[in-house]
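J.: Below you'll find the structure I mean.
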Amino acid sequence: MKKIISVVIISLMFQLSTVYAGQVEKAIQKLHKNETRQEAIKEIEKIGKPAIPQLRQLAKDRKSEQNARVSAIILLGRMKAEESGIALNPVKLD
């Protein structure tokens, strides 16, 4: 009985992670567009911690649009999660 419950729990966790991954990916794409950025921010805030890995990736990606990267960094800061720590190089202001 315990094995069956364990399998069911693992299966549900996998399904949830797959659902979140799809939602996060769609929201991340919306961060790249000015018209949909605010909507994306709200969606990512609802998703919460499952979005952290993709937000970290976006924040570090120098090829991504600057406003999308800044939004990712702000979202990570709002989540106040230990996992959101990012090793970014200091920015030089002229």
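Letters for chains follow the order of the structure tokens (A, B, ...), residue numbers begin at 1 for each chain, and ligand numbers begin at 1 in the order shown.
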So which residues touch A:Gln54 within 9 Å, counting only C-alpha atoms, skipping near sequence neighbours fewer than 2 positions away, as a list of chain:residue names?
T.: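 Everything that qualifies: A:Ala21, A:Val24, A:Glu25, A:Ile28, A:Pro50, A:Ala51, A:Ile52, A:Arg56, A:Gln57, A:Leu58, A:Ala59, A:Ala72.
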J.: Find the residues around A:Gln38 up to 12 Å (only C-alpha atoms counted), leave out those fewer than 5 positions away in its own chain, and share them as a PyMOL selection string.
T.: chain A and resi 27-28+30-33+43-45+67-68+71-72+75
J.: In Å, rounded to a single decimal, give me how far atom CA of A:Lys26 is from atom CA of A:Val70.
T.: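 Result for atom CA of A:Val70 versus atom CA of A:Lys26: 17.5 Å, one decimal.
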J.: Tell me which of A:Arg78, A:Lys49, A:Arg69, A:Lys60 sits closest to A:Arg37, counting only C-alpha atoms.
T.: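 Selected residue with least distance to A:Arg37: A:Arg69.
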J.: For atom CA of A:Gln23 and atom CA of A:Ile47, determine how far apart the two atoms are, in Å to one decimal place.
T.: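 Atom CA of A:Gln23 sits 8.2 Å away from atom CA of A:Ile47.
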